[in-house]
>>> print(open('run_15.txt').read())   # compact mmCIF, C-alpha atoms
# COMPACT_ATOMS: atom_id res chain seq x y z
CA MET A 150 -10.25 4.76 -12.36
CA ILE A 151 -13.94 4.04 -12.99
CA HIS A 152 -15.51 3.57 -16.38
CA VAL A 153 -19.23 2.76 -16.49
CA ARG A 154 -21.27 2.48 -19.65
CA GLY A 155 -24.97 1.76 -20.03
CA LEU A 156 -25.48 0.38 -16.53
CA ARG A 157 -29.02 -0.83 -15.97
CA TYR A 158 -30.40 -2.55 -12.91
CA GLU A 159 -33.73 -3.52 -11.50
CA TYR A 160 -34.61 -4.97 -8.12
CA PRO A 161 -36.83 -8.03 -8.38
CA ASP A 162 -39.52 -6.46 -6.20
CA SER A 163 -39.43 -2.79 -7.21
CA GLY A 164 -38.73 -2.53 -10.93
CA PRO A 165 -35.95 -0.64 -12.76
CA VAL A 166 -33.70 1.51 -10.58
CA LEU A 167 -30.86 2.42 -12.96
CA HIS A 168 -31.60 3.37 -16.56
CA GLY A 169 -28.34 3.26 -18.49
CA ILE A 170 -25.77 5.10 -16.37
CA ASP A 171 -22.59 6.42 -18.01
CA PHE A 172 -19.96 7.59 -15.56
CA ASP A 173 -16.18 8.16 -15.39
CA LEU A 174 -13.92 8.90 -12.44
CA ASN A 175 -10.24 9.83 -12.74
CA PRO A 176 -7.52 8.60 -10.33
CA GLY A 177 -7.31 10.83 -7.26
CA GLU A 178 -10.52 12.65 -8.13
CA SER A 179 -13.17 13.24 -5.47
CA VAL A 180 -16.76 13.24 -6.69
CA ALA A 181 -20.07 13.68 -4.86
CA LEU A 182 -23.16 11.71 -5.81
CA LEU A 183 -26.13 13.94 -5.08
CA GLY A 184 -29.83 13.44 -5.61
CA PRO A 185 -33.08 12.63 -3.83
CA ASN A 186 -33.69 9.47 -1.80
CA GLY A 187 -34.33 6.46 -4.01
CA SER A 188 -32.68 8.05 -7.05
CA GLY A 189 -30.26 5.13 -7.42
CA LYS A 190 -27.03 6.54 -5.94
CA THR A 191 -26.34 3.65 -3.54
CA THR A 192 -27.55 1.05 -6.05
CA PHE A 193 -25.08 2.50 -8.55
CA ALA A 194 -22.23 2.46 -6.02
CA LEU A 195 -22.93 -1.16 -5.06
CA HIS A 196 -22.14 -2.12 -8.65
CA LEU A 197 -18.63 -0.72 -8.36
CA ASN A 198 -17.46 -3.52 -6.08
CA GLY A 199 -19.74 -6.18 -7.46
CA ILE A 200 -22.25 -6.40 -4.60
CA LEU A 201 -24.90 -5.91 -7.30
CA HIS A 202 -24.64 -7.01 -10.91
CA GLY A 203 -26.64 -5.16 -13.55
CA ALA A 204 -26.52 -5.04 -17.32
CA GLY A 205 -23.81 -2.86 -18.85
CA LEU A 206 -20.09 -2.34 -18.47
CA VAL A 207 -18.38 -1.52 -15.16
CA THR A 208 -14.60 -1.23 -15.10
CA VAL A 209 -12.67 -0.34 -11.94
CA ALA A 210 -8.90 0.26 -12.01
CA GLY A 211 -8.72 -1.50 -15.34
CA ILE A 212 -10.63 -4.57 -14.14
CA THR A 213 -14.05 -5.33 -15.59
CA VAL A 214 -16.40 -6.19 -12.73
CA THR A 215 -17.75 -9.70 -13.27
CA PRO A 216 -18.52 -12.53 -10.84
CA TYR A 217 -15.02 -13.87 -11.66
CA THR A 218 -13.08 -10.71 -10.82
CA LEU A 219 -14.70 -9.84 -7.50
CA GLU A 220 -11.68 -10.68 -5.39
CA ALA A 221 -9.40 -8.38 -7.40
CA VAL A 222 -12.03 -5.63 -7.61
CA ARG A 223 -12.70 -5.66 -3.86
CA GLN A 224 -9.00 -5.17 -3.19
CA LYS A 225 -9.18 -1.97 -5.22
CA VAL A 226 -12.48 -0.62 -3.92
CA GLY A 227 -13.07 0.33 -0.30
CA PHE A 228 -16.72 0.79 0.63
CA VAL A 229 -17.78 2.56 3.81
CA PHE A 230 -21.46 1.85 4.31
CA GLN A 231 -24.08 4.21 5.66
CA SER A 232 -24.47 2.38 8.94
CA ALA A 233 -21.14 2.04 10.72
CA GLU A 234 -22.89 -0.30 13.15
CA ASN A 235 -23.42 -2.82 10.37
CA GLN A 236 -19.88 -2.47 9.14
CA LEU A 237 -18.28 -3.14 12.52
CA PHE A 238 -19.41 -6.71 12.94
CA LEU A 239 -16.53 -8.27 14.84
CA PRO A 240 -16.33 -8.32 18.63
CA THR A 241 -13.48 -5.83 18.95
CA VAL A 242 -12.42 -2.77 16.96
CA LEU A 243 -8.96 -4.21 16.31
CA GLU A 244 -10.31 -7.49 14.93
CA ASP A 245 -12.67 -5.58 12.71
CA VAL A 246 -9.95 -3.38 11.27
CA MET A 247 -7.82 -6.49 10.65
CA PHE A 248 -10.69 -8.31 8.88
CA GLY A 249 -10.01 -7.01 5.36
CA LEU A 250 -6.25 -7.47 5.65
CA LEU A 251 -6.61 -11.09 6.76
CA ASN A 252 -8.99 -11.72 3.86
CA GLN A 253 -6.25 -10.41 1.59
CA GLY A 254 -3.99 -13.14 2.97
CA ILE A 255 -1.74 -10.87 5.03
CA PRO A 256 -0.18 -12.75 7.99
CA PRO A 257 -1.90 -12.01 11.34
CA ALA A 258 1.13 -10.32 12.94
CA GLU A 259 1.58 -7.97 10.00
CA ALA A 260 -2.17 -7.34 9.81
CA GLU A 261 -2.26 -6.45 13.50
CA ARG A 262 0.69 -4.08 13.13
CA ASP A 263 -0.95 -2.30 10.18
CA ALA A 264 -4.34 -2.20 11.89
CA ARG A 265 -2.87 -0.70 15.06
CA ALA A 266 -0.99 1.90 13.01
CA MET A 267 -4.21 2.82 11.19
CA LEU A 268 -6.12 3.05 14.48
CA ALA A 269 -3.39 5.28 15.89
CA SER A 270 -3.52 7.56 12.85
CA LEU A 271 -7.26 8.00 13.40
CA HIS A 272 -6.83 8.46 17.18
CA LEU A 273 -8.60 5.17 17.87
CA GLU A 274 -5.76 3.20 19.45
CA PRO A 275 -7.32 3.34 22.97
CA PHE A 276 -10.45 1.63 21.59
CA ALA A 277 -8.63 -1.29 19.93
CA SER A 278 -9.92 -3.93 22.32
CA ARG A 279 -13.36 -2.36 22.85
CA ASN A 280 -16.66 -3.70 21.53
CA PRO A 281 -17.71 -1.38 18.67
CA PHE A 282 -21.18 -1.07 20.23
CA HIS A 283 -19.70 1.04 23.01
CA LEU A 284 -18.15 3.66 20.71
CA SER A 285 -19.75 7.03 19.94
CA ALA A 286 -21.18 7.65 16.46
CA GLY A 287 -18.07 9.57 15.40
CA GLU A 288 -15.75 6.89 16.73
CA LYS A 289 -17.77 4.19 14.98
CA ARG A 290 -17.56 6.10 11.72
CA ARG A 291 -13.77 6.49 12.08
CA ALA A 292 -13.39 2.81 13.03
CA ALA A 293 -15.39 1.77 9.95
CA LEU A 294 -13.21 4.03 7.84
CA ALA A 295 -10.07 2.57 9.43
CA GLY A 296 -11.17 -0.94 8.43
CA VAL A 297 -11.37 0.19 4.82
CA LEU A 298 -8.41 2.59 4.64
CA VAL A 299 -6.07 -0.02 6.08
CA MET A 300 -6.67 -2.08 2.93
CA GLN A 301 -5.16 0.80 0.90
CA PRO A 302 -7.86 0.85 -1.78
CA ASP A 303 -7.45 2.80 -5.04
CA LEU A 304 -11.04 3.96 -4.76
CA LEU A 305 -12.92 4.91 -1.61
CA ILE A 306 -16.72 4.95 -1.68
CA LEU A 307 -18.58 6.49 1.24
CA ASP A 308 -22.35 6.18 1.56
CA GLU A 309 -23.83 9.00 3.63
CA PRO A 310 -20.72 9.33 5.80
CA THR A 311 -22.07 12.24 7.85
CA THR A 312 -25.14 10.39 9.15
CA PHE A 313 -25.36 10.67 12.98
CA LEU A 314 -22.24 12.86 13.14
CA ASP A 315 -22.25 16.13 15.08
CA PRO A 316 -20.72 19.23 13.41
CA PRO A 317 -17.22 18.70 14.88
CA GLY A 318 -17.42 15.06 13.76
CA VAL A 319 -18.33 16.16 10.23
CA ARG A 320 -15.45 18.64 10.16
CA GLU A 321 -13.02 16.00 11.40
CA LEU A 322 -14.22 13.53 8.77
CA ALA A 323 -13.86 16.14 6.01
CA LEU A 324 -10.28 16.86 7.09
CA LEU A 325 -9.52 13.15 7.16
CA LEU A 326 -10.94 12.56 3.69
CA ASN A 327 -9.14 15.55 2.23
CA ARG A 328 -5.85 14.02 3.40
CA GLN A 329 -6.45 10.90 1.28
CA SER A 330 -4.86 10.60 -2.13
CA MET A 331 -7.04 7.85 -3.60
CA ALA A 332 -10.10 8.52 -5.77
CA ARG A 333 -13.22 9.14 -3.69
CA LEU A 334 -16.89 8.80 -4.41
CA ILE A 335 -19.09 10.34 -1.73
CA ILE A 336 -22.83 9.72 -1.61
CA THR A 337 -24.30 12.49 0.50
CA HIS A 338 -27.25 14.73 1.21
CA ASP A 339 -24.97 17.11 3.07
CA SER A 340 -24.19 19.78 0.49
CA ARG A 341 -21.73 21.64 2.71
CA PHE A 342 -19.82 18.42 3.26
CA ALA A 343 -19.83 17.79 -0.50
CA LEU A 344 -18.48 21.30 -1.08
CA THR A 345 -15.58 20.78 1.31
CA THR A 346 -14.64 17.25 0.22
CA THR A 347 -15.29 17.04 -3.53
CA THR A 348 -14.43 18.98 -6.68
CA ARG A 349 -17.08 17.48 -8.93
CA ALA A 350 -20.64 16.31 -8.38
CA VAL A 351 -23.12 14.28 -10.38
CA PHE A 352 -26.83 14.60 -9.79
CA PHE A 353 -29.01 11.50 -9.85
CA GLU A 354 -32.76 11.44 -10.34
CA GLN A 355 -34.98 8.43 -10.99
CA GLY A 356 -32.05 6.21 -11.91
CA ARG A 357 -30.44 8.64 -14.36
CA ILE A 358 -27.57 11.09 -14.14
CA LEU A 359 -29.09 14.48 -14.89
CA ALA A 360 -25.92 16.54 -14.70
CA SER A 361 -22.24 16.47 -13.87
CA GLY A 362 -19.95 19.39 -13.10
CA PRO A 363 -18.16 21.37 -10.40
CA THR A 364 -19.77 20.66 -7.02
CA ALA A 365 -20.74 24.28 -6.31
CA GLU A 366 -22.32 24.63 -9.74
CA ILE A 367 -24.40 21.44 -9.42
CA ILE A 368 -25.59 22.35 -5.93
CA GLU A 369 -26.69 25.78 -7.13
CA ARG A 370 -28.31 24.45 -10.30
CA PHE A 371 -30.47 21.95 -8.42
CA ASP A 372 -31.01 24.23 -5.41
CA TRP A 373 -29.50 21.48 -3.23
CA LEU A 374 -28.05 23.53 -0.35
CA MET B 233 0.01 -16.79 33.15
CA SER B 234 -3.42 -18.19 32.21
CA LEU B 235 -4.38 -21.52 30.72
CA ASP B 236 -5.41 -22.04 27.13
CA PRO B 237 -9.24 -22.01 27.05
CA ARG B 238 -9.20 -25.44 25.39
CA CYS B 239 -7.38 -26.86 28.39
CA ALA B 240 -10.03 -25.47 30.73
CA LEU B 241 -12.83 -26.88 28.57
CA LEU B 242 -11.21 -30.33 28.34
CA LEU B 243 -10.72 -30.42 32.10
CA LEU B 244 -14.34 -29.42 32.60
CA LEU B 245 -15.53 -32.18 30.27
CA ALA B 246 -13.37 -34.74 32.07
CA TYR B 247 -14.68 -33.54 35.44
CA LEU B 248 -18.30 -33.79 34.30
CA ALA B 249 -17.70 -37.25 32.89
CA VAL B 250 -16.16 -38.49 36.15
CA LEU B 251 -18.82 -36.80 38.29
CA SER B 252 -21.64 -38.34 36.26
CA SER B 253 -20.07 -41.78 36.61
CA VAL B 254 -19.94 -41.77 40.43
CA PRO B 255 -21.93 -44.79 41.65
CA THR B 256 -24.61 -44.14 44.27
CA GLY B 257 -23.14 -44.79 47.69
CA SER B 258 -19.56 -43.71 46.87
CA HIS B 259 -19.67 -40.92 49.40
CA LEU B 260 -15.93 -40.39 49.68
CA LEU B 261 -15.47 -40.14 45.90
CA LEU B 262 -18.42 -37.76 45.59
CA ALA B 263 -17.13 -35.59 48.44
CA SER B 264 -13.65 -35.45 46.87
CA LEU B 265 -15.05 -34.48 43.49
CA CYS B 266 -17.30 -31.85 45.05
CA ALA B 267 -14.31 -30.39 46.86
CA LEU B 268 -12.47 -29.73 43.57
CA PRO B 269 -14.67 -26.89 42.23
CA LEU B 270 -14.96 -25.45 45.74
CA LEU B 271 -11.19 -25.44 45.99
CA ALA B 272 -10.85 -23.82 42.57
CA LEU B 273 -13.48 -21.23 43.50
CA SER B 274 -11.77 -20.38 46.76
CA PHE B 275 -8.51 -19.59 44.91
CA SER B 276 -10.18 -17.72 42.03
CA PRO B 277 -10.89 -13.97 41.99
CA LEU B 278 -14.49 -14.67 40.92
CA PRO B 279 -17.41 -13.53 43.14
CA LYS B 280 -17.82 -16.63 45.31
CA SER B 281 -21.25 -16.19 46.87
CA GLU B 282 -22.72 -15.08 43.54
CA ILE B 283 -21.45 -18.18 41.72
CA LEU B 284 -22.53 -20.51 44.52
CA ALA B 285 -26.01 -18.97 44.35
CA GLN B 286 -26.15 -19.13 40.55
CA ALA B 287 -25.30 -22.82 40.58
CA ALA B 288 -28.43 -23.37 42.66
CA TYR B 289 -30.58 -22.35 39.69
CA VAL B 290 -30.27 -25.94 38.47
CA LEU B 291 -31.83 -27.34 41.62
CA PRO B 292 -35.49 -27.11 40.52
CA PHE B 293 -34.63 -29.26 37.48
CA SER B 294 -32.62 -31.66 39.60
CA PHE B 295 -35.52 -31.83 42.07
CA ALA B 296 -37.75 -33.16 39.29
CA LEU B 297 -35.34 -36.03 38.66
CA ALA B 298 -34.74 -36.54 42.36
CA ALA B 299 -38.50 -36.75 42.89
CA ILE B 300 -38.66 -39.75 40.57
CA ALA B 301 -35.95 -41.48 42.62
CA LEU B 302 -37.81 -40.57 45.81
CA LEU B 303 -41.05 -42.01 44.44
CA ARG B 304 -39.15 -45.24 43.94
CA GLY B 305 -38.11 -45.00 47.58
CA ASN B 306 -34.44 -44.40 46.77
CA LEU B 307 -33.44 -41.46 48.98
CA PRO B 308 -29.63 -41.86 48.54
CA GLN B 309 -30.00 -41.74 44.75
CA ALA B 310 -32.19 -38.64 45.01
CA LEU B 311 -29.56 -36.89 47.12
CA PHE B 312 -26.80 -37.99 44.75
CA LEU B 313 -28.72 -36.51 41.81
CA LEU B 314 -29.11 -33.18 43.58
CA VAL B 315 -25.47 -32.97 44.59
CA ARG B 316 -24.17 -34.04 41.18
CA GLY B 317 -26.45 -31.55 39.43
CA TYR B 318 -25.35 -28.70 41.65
CA PHE B 319 -21.62 -29.38 41.37
CA SER B 320 -21.78 -29.98 37.59
CA ILE B 321 -23.26 -26.53 37.16
CA LEU B 322 -20.81 -25.03 39.64
CA ALA B 323 -17.87 -26.40 37.64
CA ALA B 324 -19.37 -25.22 34.35
CA LEU B 325 -20.00 -21.77 35.82
CA LEU B 326 -16.44 -21.55 37.06
CA VAL B 327 -15.08 -22.19 33.58
CA THR B 328 -17.57 -19.98 31.72
CA ARG B 329 -17.09 -17.10 34.16
CA TRP B 330 -13.33 -17.47 34.09
CA LEU B 331 -13.18 -17.40 30.27
CA THR B 332 -14.59 -14.56 28.19
CA PRO B 333 -17.43 -15.57 25.83
CA LEU B 334 -15.08 -15.13 22.89
CA GLU B 335 -12.37 -17.33 24.41
CA LEU B 336 -15.02 -19.93 25.05
CA LEU B 337 -16.24 -19.80 21.46
CA ARG B 338 -12.73 -19.96 20.02
CA ALA B 339 -11.94 -22.94 22.22
CA LEU B 340 -15.14 -24.72 21.16
CA GLU B 341 -14.33 -24.01 17.52
CA ARG B 342 -10.82 -25.43 17.86
CA LEU B 343 -12.22 -28.48 19.64
CA GLY B 344 -14.41 -29.21 16.63
CA ALA B 345 -17.76 -27.54 17.38
CA PRO B 346 -19.60 -26.68 14.12
CA ARG B 347 -18.03 -23.50 12.69
CA PHE B 348 -21.37 -22.16 11.48
CA LEU B 349 -22.80 -22.40 14.99
CA ILE B 350 -19.78 -20.58 16.40
CA ILE B 351 -20.03 -17.75 13.85
CA VAL B 352 -23.75 -17.33 14.48
CA THR B 353 -23.18 -17.22 18.25
CA GLU B 354 -20.35 -14.74 17.80
CA PHE B 355 -22.58 -12.44 15.73
CA LEU B 356 -25.36 -12.84 18.25
CA LEU B 357 -23.01 -11.74 21.03
CA ARG B 358 -21.87 -8.76 18.98
CA TYR B 359 -25.37 -7.63 18.06
CA LEU B 360 -27.26 -8.54 21.23
CA ASP B 361 -26.90 -5.02 22.60
CA VAL B 362 -27.92 -3.52 19.27
CA LEU B 363 -31.04 -5.69 19.12
CA ARG B 364 -31.91 -4.85 22.71
CA LYS B 365 -31.53 -1.14 21.92
CA GLU B 366 -33.80 -1.50 18.88
CA ALA B 367 -36.39 -3.41 20.90
CA ASP B 368 -36.33 -0.65 23.54
CA SER B 369 -36.81 1.99 20.84
CA LEU B 370 -39.79 0.13 19.39
CA ARG B 371 -41.35 -0.26 22.82
CA LEU B 372 -40.76 3.41 23.64
CA ALA B 373 -42.27 4.51 20.30
CA ALA B 374 -45.37 2.44 21.02
CA LEU B 375 -45.69 3.83 24.54
CA CYS B 376 -45.20 7.41 23.32
CA ARG B 377 -48.16 6.97 20.99
CA GLY B 378 -50.37 5.80 23.78
CA GLY B 379 -49.76 2.09 23.45
CA ALA B 380 -50.00 0.08 26.61
CA HIS B 381 -48.04 -3.06 27.46
CA SER B 382 -49.98 -5.65 25.55
CA ARG B 383 -49.47 -8.90 23.72
CA LEU B 384 -50.39 -7.17 20.46
CA ILE B 385 -47.64 -4.55 20.83
CA ALA B 386 -45.17 -7.15 21.97
CA SER B 387 -45.90 -9.43 19.02
CA SER B 388 -45.87 -6.65 16.41
CA SER B 389 -42.62 -5.29 17.89
CA LEU B 390 -41.15 -8.75 17.68
CA ALA B 391 -42.18 -9.02 14.03
CA MET B 392 -40.69 -5.60 13.28
CA LEU B 393 -37.52 -6.55 15.11
CA PHE B 394 -37.27 -9.67 12.98
CA VAL B 395 -37.67 -7.65 9.76
CA ARG B 396 -35.05 -5.14 10.92
CA SER B 397 -32.69 -7.94 11.87
CA LEU B 398 -33.12 -9.43 8.42
CA GLU B 399 -32.31 -6.08 6.80
CA ARG B 400 -29.38 -5.63 9.11
CA SER B 401 -28.01 -9.07 8.34
CA THR B 402 -28.14 -8.27 4.60
CA ALA B 403 -26.29 -5.01 5.21
CA ILE B 404 -23.69 -6.77 7.36
CA HIS B 405 -23.20 -9.44 4.72
CA ASN B 406 -22.71 -6.75 2.07
CA SER B 407 -20.11 -4.98 4.18
CA MET B 408 -18.33 -8.30 4.75
CA LEU B 409 -18.31 -9.02 1.02
CA ALA B 410 -16.96 -5.54 0.34
CA ARG B 411 -13.93 -6.33 2.48
CA GLY B 412 -13.17 -9.60 0.78
CA PHE B 413 -15.18 -12.11 2.85
CA ARG B 414 -15.16 -15.52 1.19
CA GLY B 415 -17.16 -17.59 3.65
CA GLN B 416 -14.61 -18.02 6.44
CA LEU B 417 -14.02 -15.60 9.28
CA PRO B 418 -10.29 -15.11 9.62
CA ARG B 419 -8.93 -15.59 13.13
CA PRO B 420 -6.40 -12.88 13.91
CA THR B 421 -5.10 -14.31 17.17
CA PRO B 422 -4.89 -18.10 17.04
CA LEU B 423 -5.01 -19.92 20.36
CA LEU B 424 -1.59 -20.94 21.55
CA TRP B 425 -1.19 -24.28 23.31
CA ARG B 426 1.90 -24.15 25.55
CA PRO B 427 3.74 -26.79 27.56
CA LEU B 428 2.06 -25.40 30.69
CA ASP B 429 -1.31 -26.31 29.18
CA SER B 430 -0.18 -29.88 28.51
CA LEU B 431 1.14 -30.16 32.05
CA SER B 432 -2.04 -28.71 33.56
CA LEU B 433 -4.24 -31.01 31.49
CA LEU B 434 -2.14 -34.02 32.42
CA ALA B 435 -2.20 -33.11 36.11
CA GLY B 436 -5.95 -32.51 36.06
CA LEU B 437 -6.73 -35.75 34.24
CA SER B 438 -4.41 -37.74 36.52
CA THR B 439 -6.08 -36.30 39.61
CA LEU B 440 -9.54 -37.14 38.30
CA ALA B 441 -8.51 -40.63 37.21
CA SER B 442 -6.79 -41.43 40.52
CA LEU B 443 -9.82 -40.19 42.48
CA ARG B 444 -12.19 -42.18 40.31
CA PHE B 445 -10.32 -45.44 40.47
CA ALA B 446 -8.74 -45.21 43.94
CA LEU B 447 -11.79 -44.24 45.98
>>> encode(input="run_15.txt", output="structure tokens")
Amino acid sequence: MIHVRGLRYEYPDSGPVLHGIDFDLNPGESVALLGPNGSGKTTFALHLNGILHGAGLVTVAGITVTPYTLEAVRQKVGFVFQSAENQLFLPTVLEDVMFGLLNQGIPPAEAERDARAMLASLHLEPFASRNPFHLSAGEKRRAALAGVLVMQPDLLILDEPTTFLDPPGVRELALLLNRQSMARLIITHDSRFALTTTTRAVFFEQGRILASGPTAEIIERFDWL
Amino acid sequence: MSLDPRCALLLLLAYLAVLSSVPTGSHLLLASLCALPLLALSFSPLPKSEILAQAAYVLPFSFALAAIALLRGNLPQALFLLVRGYFSILAALLVTRWLTPLELLRALERLGAPRFLIIVTEFLLRYLDVLRKEADSLRLAALCRGGAHSRLIASSSLAMLFVRSLERSTAIHNSMLARGFRGQLPRPTPLLWRPLDSLSLLAGLSTLASLRFAL
């Protein structure tokens, strides 16, 4: 599903962030990206749908990520960002969930039908015409997820999905993610969440992958609980 | 059954054009035109006294213009300016309160207003509450650390708010790109112009034209 070799990246104002990352993800696999703040986890993930372009090879679902393949890549990769507030940018929840589908060229009526079905499956149908600002943190997170899941990506990336969620919200999100069949990449500091939603973890530090292995083993090895 | 927002906007524009063209001294024409928004207001479910009061906010500006006419010794023209100013705003308020901000923006977009301006306004509407919340948090944080209401705090908060807004706009743009954004916001529910809208527009324009040229 993902094949990354020798990925290097540096921000213009803060020097090198990734120092030659090698990484593979199999279809349907769920992997946690663990590591301290600023270790390069999000920067790495942003390369997988071409938001950032570094040196090295990034292949997603058989497509090499280049400025010319972004459209195809972004149909395969769903990215749920850390701040749901920033992801829900349209005036109503329904319009926001339809956004990706309409960008894919799906006719409005069909897009609305799919979006409503997705909202219903996440128990968000009553909020369809609401302004996202007025949703709770958990509802915002689910609405952001709905906007990505409705596009039926082959790979789902979630950046700190448990931020601002209360314990029931975290449990609900874990259940929801465990029902998904696509490959998942979860950037998180929440080790318990990683344990319940992933089978493998990789540990980042200073722009390098230090270790990869079963989630429980990595958490114990780096004392990350 | 409600009118297409474009129809309402076109009727408003026509009304404003006719009202602004009323010659000084055409009392009957002015009275008839002033009666139209009052009539519409009386049949609408909108809060009447509130809208009538809001329309008066324009009066200080109109007074400035009327004062010039008064200085020239032209009392009728001064009164005409005040009345026209008030009823122009009343008509505009009626339409903007009747339509939702989004309907208004969509209608403006379809009538040819710059798309970039519409998108920016739409985002501003969406994030106004968020910005207000952030500004409140900054102010509260300053007060909690012993800061008093001062120009220094206000200006540094404003600068911080600007930086945060910039960061937020980058994050929003990234999330748009991630879902396939290619520079155009797709419109899920296109506005639908129906025969009723054509009829209403025709009736409205005919009424305005007959008033303008008959009185």
>>> closest_residue(input="run_15.txt", among="A:Pro310, A:Pro281, A:Gly362, A:Gly356", to="chain B", atoms="only C-alpha atoms")
A:Pro281
>>> interface_residues(input="run_15.txt", of="chain B", to="chain A", cutoff="10 Å", atoms="only C-alpha atoms", output="PDB file with C-alpha atoms, in the coordinates of the input")
ATOM      1  CA  LEU B 334     -15.080 -15.130  22.890  1.00  0.00           C
ATOM      2  CA  GLU B 354     -20.350 -14.740  17.800  1.00  0.00           C
ATOM      3  CA  PHE B 355     -22.580 -12.440  15.730  1.00  0.00           C
ATOM      4  CA  LEU B 357     -23.010 -11.740  21.030  1.00  0.00           C
ATOM      5  CA  ARG B 358     -21.870  -8.760  18.980  1.00  0.00           C
ATOM      6  CA  TYR B 359     -25.370  -7.630  18.060  1.00  0.00           C
ATOM      7  CA  LEU B 360     -27.260  -8.540  21.230  1.00  0.00           C
ATOM      8  CA  ASP B 361     -26.900  -5.020  22.600  1.00  0.00           C
ATOM      9  CA  VAL B 362     -27.920  -3.520  19.270  1.00  0.00           C
ATOM     10  CA  ARG B 400     -29.380  -5.630   9.110  1.00  0.00           C
ATOM     11  CA  SER B 401     -28.010  -9.070   8.340  1.00  0.00           C
ATOM     12  CA  THR B 402     -28.140  -8.270   4.600  1.00  0.00           C
ATOM     13  CA  ALA B 403     -26.290  -5.010   5.210  1.00  0.00           C
ATOM     14  CA  ILE B 404     -23.690  -6.770   7.360  1.00  0.00           C
ATOM     15  CA  HIS B 405     -23.200  -9.440   4.720  1.00  0.00           C
ATOM     16  CA  ASN B 406     -22.710  -6.750   2.070  1.00  0.00           C
ATOM     17  CA  SER B 407     -20.110  -4.980   4.180  1.00  0.00           C
ATOM     18  CA  MET B 408     -18.330  -8.300   4.750  1.00  0.00           C
ATOM     19  CA  LEU B 409     -18.310  -9.020   1.020  1.00  0.00           C
ATOM     20  CA  ALA B 410     -16.960  -5.540   0.340  1.00  0.00           C
ATOM     21  CA  ARG B 411     -13.930  -6.330   2.480  1.00  0.00           C
ATOM     22  CA  GLY B 412     -13.170  -9.600   0.780  1.00  0.00           C
ATOM     23  CA  PHE B 413     -15.180 -12.110   2.850  1.00  0.00           C
ATOM     24  CA  ARG B 414     -15.160 -15.520   1.190  1.00  0.00           C
ATOM     25  CA  GLN B 416     -14.610 -18.020   6.440  1.00  0.00           C
ATOM     26  CA  LEU B 417     -14.020 -15.600   9.280  1.00  0.00           C
ATOM     27  CA  PRO B 418     -10.290 -15.110   9.620  1.00  0.00           C
ATOM     28  CA  ARG B 419      -8.930 -15.590  13.130  1.00  0.00           C
ATOM     29  CA  PRO B 420      -6.400 -12.880  13.910  1.00  0.00           C
ATOM     30  CA  THR B 421      -5.100 -14.310  17.170  1.00  0.00           C
ATOM     31  CA  PRO B 422      -4.890 -18.100  17.040  1.00  0.00           C
TER      32      PRO B 422
END
>>> closest_residue(input="run_15.txt", among="B:Ser382, B:Arg444, B:Leu343, B:Ala296", to="Ser264 in chain B", atoms="all atoms listed in the file")
B:Arg444
>>> closest_residue(input="run_15.txt", among="B:Thr353, B:Ala310, B:Gln286, B:Arg338", to="Leu322 in chain B", atoms="only C-alpha atoms")
B:Gln286
>>> axis_aligned_box(input="run_15.txt", around="range 273-279 of chain A", padding_each_side="8 Å", output="lines of an AutoDock Vina configuration file")
center_x = -9.6
center_y = 0.6
center_z = 20.4
size_x = 23.6
size_y = 25.1
size_z = 21.1
>>> residues_around(input="run_15.txt", residues="range 383-396 of chain B", least_positions_apart="3", cutoff="9 Å", atoms="all atoms listed in the file", output="PyMOL selection string")
chain B and resi 363+366-367+370-371+374+379-380+399-401
>>> write_last_selection(input="run_15.txt", atoms="C-alpha atoms", output="CSV table (one decimal), in the coordinates of the input")
chain,number,residue,atom,x,y,z
B,363,LEU,CA,-31.0,-5.7,19.1
B,366,GLU,CA,-33.8,-1.5,18.9
B,367,ALA,CA,-36.4,-3.4,20.9
B,370,LEU,CA,-39.8,0.1,19.4
B,371,ARG,CA,-41.4,-0.3,22.8
B,374,ALA,CA,-45.4,2.4,21.0
B,379,GLY,CA,-49.8,2.1,23.4
B,380,ALA,CA,-50.0,0.1,26.6
B,399,GLU,CA,-32.3,-6.1,6.8
B,400,ARG,CA,-29.4,-5.6,9.1
B,401,SER,CA,-28.0,-9.1,8.3
>>> residues_near_point(input="run_15.txt", point="(-12.9, -23.8, 19.6)", cutoff="12 Å", atoms="only C-alpha atoms", output="ChimeraX atom specification")
/B:236-242,333-351,354,419,422-424
>>> atom_distance(input="run_15.txt", atom1="CA of Phe342 in chain A", atom2="CA of His272 in chain A")
21.5 Å
>>> residues_around(input="run_15.txt", residues="Gly317 in chain B", least_positions_apart="5", cutoff="12 Å", atoms="all atoms listed in the file", output="list in words")
Leu248, Leu251, Ser252, Leu262, Cys266, Ala287, Ala288, Tyr289, Val290, Leu291, Pro292, Phe293, Ser294, Phe295, Ala296, Leu297, Ala298, Ala310, Leu311, Phe312, Leu322, Ala323 and Ala324 of chain B
>>> residues_near_point(input="run_15.txt", point="(-16.5, 19.8, -1.2)", cutoff="10 Å", atoms="only C-alpha atoms", output="MDAnalysis selection string")
chainID A and resid 179:181 323 327 335 339:350 363:365
>>> atom_distance(input="run_15.txt", atom1="CA of Pro279 in chain B", atom2="CA of Leu440 in chain B")
25.4 Å
>>> atom_distance(input="run_15.txt", atom1="CA of Ile300 in chain B", atom2="CA of Ser253 in chain B")
19.1 Å
>>> decode(input="run_15.txt", residues="range 332-337 of chain A", atoms="C-alpha atoms", output="mmCIF file, in the first residue's frame")
data_model
loop_
_atom_site.group_PDB
_atom_site.id
_atom_site.type_symbol
_atom_site.label_atom_id
_atom_site.label_comp_id
_atom_site.auth_asym_id
_atom_site.auth_seq_id
_atom_site.Cartn_x
_atom_site.Cartn_y
_atom_site.Cartn_z
ATOM 1 C CA ALA A 332 -5.039 0.522 5.641
ATOM 2 C CA ARG A 333 -4.656 2.985 8.515
ATOM 3 C CA LEU A 334 -1.798 5.116 9.703
ATOM 4 C CA ILE A 335 -2.423 6.703 13.090
ATOM 5 C CA ILE A 336 -0.186 9.440 14.465
ATOM 6 C CA THR A 337 -0.773 9.525 18.194
#
